[in-house]
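Quick look at entry23.txt (compact mmCIF, C-alpha atoms):
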# COMPACT_ATOMS: atom_id res chain seq x y z
CA MET A 1359 -53.88 75.21 -22.99
CA SER A 1360 -52.17 71.80 -22.83
CA PHE A 1361 -53.34 68.27 -23.51
CA ALA A 1362 -52.02 65.02 -22.14
CA LEU A 1363 -52.91 61.36 -22.55
CA PRO A 1364 -51.87 58.60 -20.18
CA ALA A 1365 -48.59 57.05 -21.24
CA LYS A 1366 -50.28 53.72 -22.01
CA ASP A 1367 -52.43 55.49 -24.62
CA PHE A 1368 -49.46 56.57 -26.70
CA PRO A 1369 -48.40 54.21 -29.50
CA ALA A 1370 -44.76 53.27 -29.91
CA ASN A 1371 -44.61 54.99 -33.29
CA LEU A 1372 -46.77 56.63 -35.93
CA ALA A 1373 -47.13 53.42 -37.91
CA GLU A 1374 -48.60 51.66 -34.85
CA TRP A 1375 -51.02 54.55 -34.27
CA ARG A 1376 -52.09 54.40 -37.90
CA ALA A 1377 -52.77 50.68 -37.72
CA ASP A 1378 -54.52 50.68 -34.34
CA HIS A 1379 -56.37 53.99 -34.16
CA ALA A 1380 -56.89 55.43 -37.64
CA PRO A 1381 -57.96 52.74 -40.06
CA GLY A 1382 -57.55 53.94 -43.61
CA PHE A 1383 -54.94 56.57 -42.65
CA GLY A 1384 -52.31 54.91 -44.81
CA GLN A 1385 -54.64 55.02 -47.81
CA MET A 1386 -55.12 58.80 -47.71
CA PRO A 1387 -54.47 60.49 -51.05
CA PRO A 1388 -51.12 62.29 -51.24
CA ALA A 1389 -51.12 65.99 -50.41
CA HIS A 1390 -51.01 68.32 -53.37
CA ALA A 1391 -47.59 69.93 -53.73
CA GLY A 1392 -47.59 73.29 -51.97
CA ALA A 1393 -50.96 72.68 -50.29
CA GLY A 1394 -49.36 73.34 -46.91
CA PHE A 1395 -50.32 72.59 -43.36
CA ALA A 1396 -54.04 73.38 -43.77
CA SER A 1397 -54.34 70.59 -46.33
CA LEU A 1398 -52.56 68.18 -43.97
CA VAL A 1399 -54.95 69.06 -41.13
CA LEU A 1400 -57.95 68.38 -43.35
CA ARG A 1401 -56.56 65.04 -44.47
CA LEU A 1402 -55.80 64.01 -40.88
CA ARG A 1403 -59.31 64.89 -39.76
CA LEU A 1404 -60.86 62.88 -42.57
CA ALA A 1405 -58.78 59.89 -41.51
CA LEU A 1406 -59.50 60.37 -37.78
CA ARG A 1407 -63.24 60.40 -38.34
CA ARG A 1408 -62.94 56.70 -39.21
CA ASP A 1409 -61.82 56.06 -35.62
CA GLY A 1410 -64.73 54.90 -33.40
CA ASP A 1411 -63.24 56.36 -30.19
CA GLY A 1412 -65.11 59.67 -29.89
CA ALA A 1413 -63.15 60.92 -26.86
CA ARG A 1414 -59.82 60.35 -28.56
CA LEU A 1415 -61.11 61.91 -31.75
CA GLY A 1416 -62.30 65.02 -29.89
CA LEU A 1417 -58.96 65.45 -28.14
CA LEU A 1418 -57.01 65.06 -31.35
CA ASP A 1419 -59.34 67.55 -33.03
CA GLN A 1420 -58.48 70.08 -30.33
CA ILE A 1421 -54.76 69.42 -30.77
CA LEU A 1422 -55.10 69.94 -34.49
CA ASP A 1423 -56.98 73.21 -33.87
CA VAL A 1424 -54.11 74.48 -31.72
CA ALA A 1425 -51.58 73.36 -34.31
CA ALA A 1426 -53.53 75.03 -37.10
CA GLU A 1427 -53.71 78.29 -35.13
CA SER A 1428 -49.95 78.14 -34.54
CA GLU A 1429 -49.36 77.54 -38.23
CA GLN A 1430 -51.53 80.55 -39.12
CA ARG A 1431 -49.62 82.74 -36.68
CA LEU A 1432 -46.34 81.65 -38.26
CA ALA A 1433 -47.74 82.37 -41.72
CA ASP A 1434 -48.88 85.82 -40.61
CA GLN A 1435 -45.47 86.53 -39.10
CA GLN A 1436 -43.71 85.40 -42.28
CA GLN A 1437 -45.97 87.64 -44.36
CA ARG A 1438 -45.08 90.59 -42.14
CA ILE A 1439 -41.38 89.76 -42.43
CA ASP A 1440 -41.72 89.62 -46.21
CA GLU A 1441 -43.53 92.99 -46.22
CA LEU A 1442 -40.83 94.60 -44.07
CA GLU A 1443 -38.11 93.14 -46.29
CA GLN A 1444 -39.86 94.57 -49.36
CA LEU A 1445 -40.03 97.97 -47.68
CA SER A 1446 -36.29 97.83 -47.03
CA PHE A 1447 -35.73 97.57 -50.80
CA THR A 1448 -38.17 100.38 -51.71
CA ASP A 1449 -37.59 104.13 -51.89
CA GLU A 1450 -40.17 105.73 -49.62
CA LEU A 1451 -40.49 108.95 -51.64
CA THR A 1452 -40.94 107.61 -55.17
CA GLY A 1453 -42.06 104.02 -54.64
CA LEU A 1454 -39.27 102.80 -56.93
CA PRO A 1455 -36.71 100.27 -55.72
CA ASN A 1456 -33.94 101.94 -53.72
CA ARG A 1457 -30.17 101.45 -53.89
CA ARG A 1458 -30.38 98.14 -52.04
CA GLY A 1459 -33.11 96.91 -54.36
CA PHE A 1460 -31.10 98.02 -57.38
CA GLU A 1461 -27.95 96.23 -56.20
CA ARG A 1462 -29.90 93.05 -55.51
CA HIS A 1463 -31.50 93.17 -58.96
CA MET A 1464 -28.20 93.91 -60.73
CA GLY A 1465 -26.53 91.01 -58.96
CA GLN A 1466 -29.20 88.72 -60.39
CA GLU A 1467 -29.10 90.40 -63.81
CA LEU A 1468 -25.31 90.16 -64.16
CA ALA A 1469 -25.42 86.49 -63.14
CA ARG A 1470 -28.13 85.89 -65.76
CA SER A 1471 -26.10 87.78 -68.34
CA ARG A 1472 -23.02 85.63 -67.70
CA SER A 1473 -24.87 82.32 -67.72
CA GLN A 1474 -27.06 83.05 -70.74
CA LYS A 1475 -24.51 85.20 -72.61
CA ALA A 1476 -27.23 87.82 -73.04
CA GLY A 1477 -26.40 91.39 -72.12
CA GLY A 1478 -28.13 94.72 -71.92
CA VAL A 1479 -27.54 98.35 -71.01
CA LEU A 1480 -27.38 100.16 -67.69
CA GLY A 1481 -28.61 103.74 -67.77
CA PHE A 1482 -27.50 106.21 -65.09
CA LEU A 1483 -29.80 109.24 -64.87
CA ASP A 1484 -29.54 112.55 -63.05
CA LEU A 1485 -32.36 115.04 -62.48
CA ASP A 1486 -31.31 118.45 -63.79
CA GLY A 1487 -31.69 121.49 -61.60
CA LEU A 1488 -32.97 119.81 -58.45
CA LYS A 1489 -30.86 122.04 -56.20
CA GLY A 1490 -32.30 125.15 -57.83
CA ILE A 1491 -35.85 123.87 -57.31
CA ASN A 1492 -35.12 123.09 -53.66
CA ASP A 1493 -33.46 126.47 -53.08
CA SER A 1494 -36.11 128.59 -54.83
CA LEU A 1495 -39.33 126.67 -54.11
CA GLY A 1496 -38.51 124.43 -51.17
CA HIS A 1497 -37.86 120.74 -50.70
CA ALA A 1498 -41.51 119.81 -51.12
CA ALA A 1499 -41.26 121.05 -54.72
CA GLY A 1500 -38.04 119.10 -55.16
CA ASP A 1501 -39.72 115.95 -53.85
CA ALA A 1502 -42.57 116.49 -56.31
CA ALA A 1503 -40.04 116.80 -59.14
CA LEU A 1504 -38.42 113.51 -58.12
CA ARG A 1505 -41.79 111.75 -58.02
CA HIS A 1506 -42.65 113.26 -61.41
CA ALA A 1507 -39.49 111.81 -62.97
CA ALA A 1508 -39.97 108.47 -61.21
CA ARG A 1509 -43.51 108.10 -62.58
CA HIS A 1510 -42.26 108.59 -66.12
CA LEU A 1511 -39.48 106.05 -65.67
CA HIS A 1512 -41.89 103.52 -64.17
CA HIS A 1513 -44.54 103.94 -66.85
CA ALA A 1514 -42.00 103.81 -69.69
CA ALA A 1515 -40.37 100.59 -68.48
CA ARG A 1516 -40.77 97.63 -70.83
CA PRO A 1517 -41.45 94.15 -69.42
CA GLY A 1518 -38.14 93.08 -67.91
CA ASP A 1519 -36.81 96.63 -67.45
CA PHE A 1520 -35.92 97.83 -63.97
CA ALA A 1521 -36.02 101.45 -62.75
CA ALA A 1522 -34.65 102.54 -59.36
CA ARG A 1523 -33.82 105.67 -57.39
CA LEU A 1524 -30.24 105.34 -56.21
CA HIS A 1525 -29.72 108.46 -54.12
CA GLY A 1526 -30.80 112.08 -54.10
CA ASP A 1527 -31.35 113.12 -57.71
CA GLU A 1528 -29.82 109.94 -59.18
CA PHE A 1529 -31.80 107.17 -60.89
CA ALA A 1530 -30.89 104.01 -62.77
CA MET A 1531 -32.63 102.03 -65.45
CA VAL A 1532 -31.65 98.50 -66.43
CA LEU A 1533 -32.52 97.67 -70.04
CA PRO A 1534 -31.86 93.98 -70.80
CA GLY A 1535 -31.68 92.90 -74.43
CA LEU A 1536 -30.89 96.35 -75.86
CA ASP A 1537 -27.68 97.72 -77.34
CA GLU A 1538 -26.49 101.24 -76.55
CA ALA A 1539 -28.12 102.77 -79.64
CA ALA A 1540 -31.55 101.33 -78.83
CA ALA A 1541 -31.17 102.14 -75.13
CA GLY A 1542 -30.19 105.72 -75.98
CA ALA A 1543 -33.28 106.11 -78.15
CA HIS A 1544 -35.48 104.67 -75.40
CA LEU A 1545 -34.12 106.90 -72.63
CA GLY A 1546 -34.11 109.88 -74.98
CA ALA A 1547 -37.83 109.36 -75.57
CA ILE A 1548 -38.43 109.21 -71.80
CA CYS A 1549 -36.49 112.43 -71.24
CA ALA A 1550 -38.43 114.13 -74.04
CA ALA A 1551 -41.72 113.02 -72.49
CA ILE A 1552 -40.69 114.41 -69.09
CA ASP A 1553 -39.52 117.66 -70.66
CA GLY A 1554 -42.77 117.94 -72.61
CA GLU A 1555 -44.93 117.53 -69.51
CA PRO A 1556 -44.04 120.33 -67.08
CA LEU A 1557 -44.81 119.79 -63.42
CA LEU A 1558 -47.43 122.15 -62.08
CA TRP A 1559 -46.38 123.44 -58.67
CA ALA A 1560 -47.86 126.41 -56.79
CA GLY A 1561 -49.16 127.92 -60.01
CA GLN A 1562 -45.84 127.48 -61.83
CA ARG A 1563 -44.85 125.11 -64.63
CA LEU A 1564 -41.58 123.43 -63.74
CA ARG A 1565 -39.57 121.99 -66.61
CA ILE A 1566 -38.00 118.75 -65.35
CA GLY A 1567 -35.00 117.51 -67.29
CA LEU A 1568 -32.92 114.34 -67.07
CA SER A 1569 -29.37 113.72 -68.20
CA PHE A 1570 -28.28 110.13 -68.72
CA GLY A 1571 -25.27 107.99 -69.46
CA LEU A 1572 -25.18 104.46 -70.81
CA VAL A 1573 -22.90 101.48 -70.48
CA ALA A 1574 -23.43 98.03 -71.98
CA TYR A 1575 -23.04 95.00 -69.74
CA ASP A 1576 -22.41 91.35 -70.55
CA GLY A 1577 -21.60 90.01 -67.09
CA CYS A 1578 -17.84 90.58 -67.39
CA LEU A 1579 -17.66 93.89 -65.48
CA ASP A 1580 -18.78 94.17 -61.89
CA LEU A 1581 -21.45 96.62 -60.76
CA ALA A 1582 -19.00 99.18 -59.36
CA ASP A 1583 -17.21 99.45 -62.73
CA LEU A 1584 -20.54 99.74 -64.57
CA LEU A 1585 -21.73 102.54 -62.29
CA ARG A 1586 -18.48 104.48 -62.68
CA ALA A 1587 -18.62 104.19 -66.47
CA SER A 1588 -22.30 105.16 -66.72
CA ASP A 1589 -21.78 108.04 -64.27
CA ARG A 1590 -18.96 109.46 -66.43
CA ALA A 1591 -21.12 109.12 -69.54
CA MET A 1592 -23.98 110.91 -67.78
CA TYR A 1593 -21.80 113.91 -66.92
CA LEU A 1594 -20.60 114.15 -70.51
CA HIS A 1595 -24.22 114.14 -71.64
CA LYS A 1596 -25.15 116.78 -69.06
CA GLN A 1597 -22.31 119.06 -70.19
CA SER A 1598 -23.36 118.72 -73.83
CA ARG A 1599 -26.94 119.82 -73.20
CA ARG A 1600 -27.96 123.43 -73.19
CA SER A 1601 -29.08 124.84 -69.85
CA ARG A 1602 -32.84 125.02 -69.49
CA PRO A 1603 -34.75 127.43 -67.24
CA ILE A 1604 -36.44 125.80 -64.26
CA THR A 1605 -39.77 127.56 -64.89

Step by step, read the file and then write its structure as structure tokens.
Amino acid sequence: MSFALPAKDFPANLAEWRADHAPGFGQMPPAHAGAGFASLVLRLRLALRRDGDGARLGLLDQILDVAAESEQRLADQQQRIDELEQLSFTDELTGLPNRRGFERHMGQELARSRSQKAGGVLGFLDLDGLKGINDSLGHAAGDAALRHAARHLHHAARPGDFAARLHGDEFAMVLPGLDEAAAGAHLGAICAAIDGEPLLWAGQRLRIGLSFGLVAYDGCLDLADLLRASDRAMYLHKQSRRSRPIT
């Protein structure tokens, strides 16, 4: 649908239209910050109702309706884009942030650490025995084990902590404001909770274990260096632990 007015009906500029066709327009209260297009439409309509030309008012009302519908479509499209972007940063299996989400968060966290001179600890975690679970019970059992570990990490996160699944059986946990001793105690408690709550699968009780390594960050090292250091620490921790039966 399109609308057109004769050329003679168009004012030279908005100020002229305000003066000639919408008395009181210039005295409208300012829009509230962030109120958006819907608020502007309402304010315009209130001003236009002071115009005695009913035909012009009706036409402008229709134009505003079309504009409002277009604005809503744009808002709906932006919401969908935002939802798709969020999905691209989320691990489909566990619901935790994925590697992309982790890297985005760590970029922000390291920048904050440098600017505020406030560090924290990065924990690199590995699910013990996932290959054995997959081989003996199938990948559905392995997926359940990953979700089981992810739920514990999510529920144990303090305000400001960040848990993510990086790849396969690898997880990360960002613990701002802690030193390595406090972070080790925190992750140790999470691992003990997971170990103390076996996963029930097909009538069996699966003992799910996590090994972890820690590295402190203060914004001086980049993410690649932090991951290498925490990965090495995790393997040392894994080697120091006694093997546990899967069931």

Residue neighbourhood stretch 1488-1501 of chain A, 9 Å, all atoms listed in the file, exclusion window fewer than 6 positions, as a ChimeraX atom specification: /A:1451-1452,1527,1559-1560,1564,1566,1604

Pick from A:Gln1562, A:Ser1598, A:Ser1569, A:Asn1456 nearest to A:Arg1523, counting all atoms listed in the file: A:Asn1456

Computed interatomic separation between atom CA of A:Ala1574 and atom CA of A:Ala1507 (Å):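 These atoms are spaced 23.0 Å apart.
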
Pick from A:Phe1520, A:Phe1482, A:Phe1529, A:Phe1447, whichever lies nearest to A:Ala1587 using all atoms listed in the file: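 The answer is A:Phe1482, which sits nearest to A:Ala1587.
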
Point-to-point distance from atom CA of A:Gly1567 to atom CA of A:His1506, Å rounded to tenths: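 Atom CA of A:His1506 lies at a distance of 10.5 Å from atom CA of A:Gly1567.
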
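Nearest residue to A:Leu1585, choosing from A:Gly1518, A:Pro1455, A:Gly1481, A:Gly1465 and counting all atoms listed in the file: A:Gly1481.
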
Residue nearest A:Arg1509 among A:Arg1462, A:Leu1480, A:Pro1534, A:Gly1453 (counting all atoms listed in the file):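 That would be A:Gly1453, the residue with the smallest distance to A:Arg1509.
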
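Atom CA of A:Ala1522 to atom CA of A:Arg1438 spans 23.4 Å [interatomic distance, one decimal].
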
Selected residue, from A:Gly1459, A:Gly1535, A:Gly1478, A:Gly1487, that lies nearest to A:Leu1572 when counting only C-alpha atoms: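 Nearest candidate to A:Leu1572 out of A:Gly1459, A:Gly1535, A:Gly1478, A:Gly1487: A:Gly1478.
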
So that all listed atoms of stretch 1512-1526 of chain A fit with 3 Å spare on each side, what axis-aligned box centre and edge lengths in Å, to one decimal, would you give as lines of an AutoDock Vina configuration file?
center_x = -37.1
center_y = 102.6
center_z = -62.5
size_x = 20.8
size_y = 25.0
size_z = 22.7
